[in-house]
Amino acid sequence: MKAAKEVRSLRNAVRLFPLTLILAALAIPICVANENPLTIPRGTILPVRLNTTISTVKSKPGEEITGRIMQDIPLSAGVRIRAGSKIVGHIADVSPATNGAGARISVVFDKLISSHETIPITTNLRAIVSFIGVDEAQTPTTAPGQGDNIYALTTVQVGGDVVYGFGGPVTTSTNPDDVVGKSMKDGVLGQVRAKEGTKCRGAIDGNVRPQALWVFSSDACGAYRLEHVSIAHAGRSEPVGVIVLASDQSRLAIRAGAGMLLRVIGNGRKANVSAD
């Protein structure tokens with residue numbers, strides 16, 4: 001009887017062995033992911049659509065603001081930040097117009113939530129455009145004719161670069177032979193260029209990989225289609241990471257749907273695991 005029980009136990013162990021191997025294999029990637037959190041190289045561009053309307057009338061210091069990453073962002077071989085990831089920040093300060101000085105609002109974007117990880121980051125602002133400008137950059141320059149493939153039509157990026165249809169080249173506005181990027185399914189990939197006459201730089205810290213630019217030109221710099229609004233402080237210098245938007249009017253408002261090009265200038269360790 002004892003021998004029979006031992007035989008049955010051995011058979012059960014043999015049957016369960018493949019399942020044990022499968023469960024062990026599934027557990028390995030989870031351990032690796034937790035031990036190797038996502039890191040974002042300095043100089044990486046984050047193309048963001050603002051989810052939150054910010055204004056000097058309704059926004060309050062400390063209020064959370066969020067945005068959506070609008071294009072897959074390649075970081076290294078096989079590693080990317082997926083479109084749909086969330087960037088999180090807050091209102092740092094609100095300054096209504098006083099004594100002839102226009103209104104100002106200060107914001108900070110300091111967290112990226114991607115693949116259930118929350119990564120602390122420091123960013124500055126390279127360019128911002130109203131939601132109207134975003135729509136214009138995604139609208140073909142000529143109306144499609146009968147039988148035309150709308151995805152093959154030409155569009156113009158915020159800042160002037162010309163996109164020759166899905167999968168086509170991206171050139172500067174002044175020279176159709178000067179290719180500065182390539183059109184992808186959710187935006188444009190190209191190397192960031194310095195903008196003459198501005199403080200906007202090209203690649204920094206040796207980060208010369210193609211960047212995800214979404215609807216922006218490779219040299220886009222400053223505020224677009226936002227009347228009376230300018231970038232008073234991009235966040236590159238002290239106070240680092242604090243972005244100040246200014247208006248020459250008594251009120252300042254940036255509506256949800258506006259587009260931004262943020263640049264990562266500092267990257268921390270994983271802060272926590274998010275259920276988002």
# chains A, B, ... in the order shown; residues from 1 in each chain; ligands from 1
>>> select_by_dssp(residues="stretch 20-234 of chain A", states="strand (DSSP E or B)", output="ChimeraX atom specification")
/A:45-50,54-55,64-69,73-76,79-81,86-95,98,101,104-114,117-129,154-156,158,162-164,169-171,179-184,187-190,211-212,216,222-224,229-233
>>> residues_around(residues="stretch 63-80 of chain A", least_positions_apart="4", cutoff="9 Å", atoms="only C-alpha atoms", output="number ranges by chain")
A: 38-41, 44-54, 59, 84-92, 107-109, 185-189, 209-214, 256-257
>>> residues_around(residues="stretch 138-152 of chain A", least_positions_apart="5", cutoff="12 Å", atoms="only C-alpha atoms", output="number ranges by chain")
A: 131-133, 157-158, 162-169, 183-188, 214-216
>>> write_last_selection(atoms="C-alpha atoms", output="short mmCIF file (atom, residue, chain, number, x, y, z; two decimals), in the first residue's frame")
data_model
loop_
_atom_site.label_atom_id
_atom_site.label_comp_id
_atom_site.auth_asym_id
_atom_site.auth_seq_id
_atom_site.Cartn_x
_atom_site.Cartn_y
_atom_site.Cartn_z
CA PHE A 131 -5.29 73.46 -29.53
CA ILE A 132 -6.15 75.37 -32.70
CA GLY A 133 -2.53 75.17 -33.82
CA GLN A 157 4.20 71.29 -38.64
CA VAL A 158 4.04 73.91 -35.90
CA VAL A 162 6.69 70.24 -44.22
CA VAL A 163 5.46 66.64 -43.92
CA TYR A 164 4.98 64.77 -47.19
CA GLY A 165 2.36 62.26 -46.10
CA PHE A 166 2.46 59.22 -43.84
CA GLY A 167 5.85 57.52 -44.08
CA GLY A 168 7.22 60.37 -46.17
CA PRO A 169 10.11 62.75 -45.53
CA SER A 183 6.61 60.94 -40.78
CA MET A 184 5.35 58.10 -38.55
CA LYS A 185 1.86 56.80 -37.77
CA ASP A 186 1.47 59.06 -34.73
CA GLY A 187 3.79 61.96 -35.47
CA VAL A 188 7.28 62.76 -36.71
CA TRP A 214 4.44 64.90 -32.91
CA VAL A 215 3.06 68.07 -34.63
CA PHE A 216 6.13 70.25 -34.03
#
>>> closest_residue(among="A:Ser115, A:Ser55, A:Thr122, A:Ser95", to="A:Ile81", atoms="only C-alpha atoms")
A:Ser115
>>> atom_distance(atom1="atom CA of A:Val229", atom2="atom CA of A:Ile105")
10.7 Å
>>> residues_around(residues="A:Thr172", least_positions_apart="3", cutoff="10 Å", atoms="only C-alpha atoms", output="ChimeraX atom specification")
/A:156-157,159-163,175-181,217-219
>>> closest_residue(among="A:Gly222, A:Gly259, A:Gly266, A:Gly100", to="A:Ser130", atoms="only C-alpha atoms")
A:Gly259
>>> select_by_dssp(residues="stretch 65-256 of chain A", states="alpha helix (DSSP H)", output="list in words")
Phe131, Ile132, Gly133, Val134, Asp135, Glu136 and Ala137 of chain A
>>> closest_residue(among="A:Ile265, A:Ala103, A:Val57, A:Val208", to="A:Ala232", atoms="only C-alpha atoms")
A:Ala103
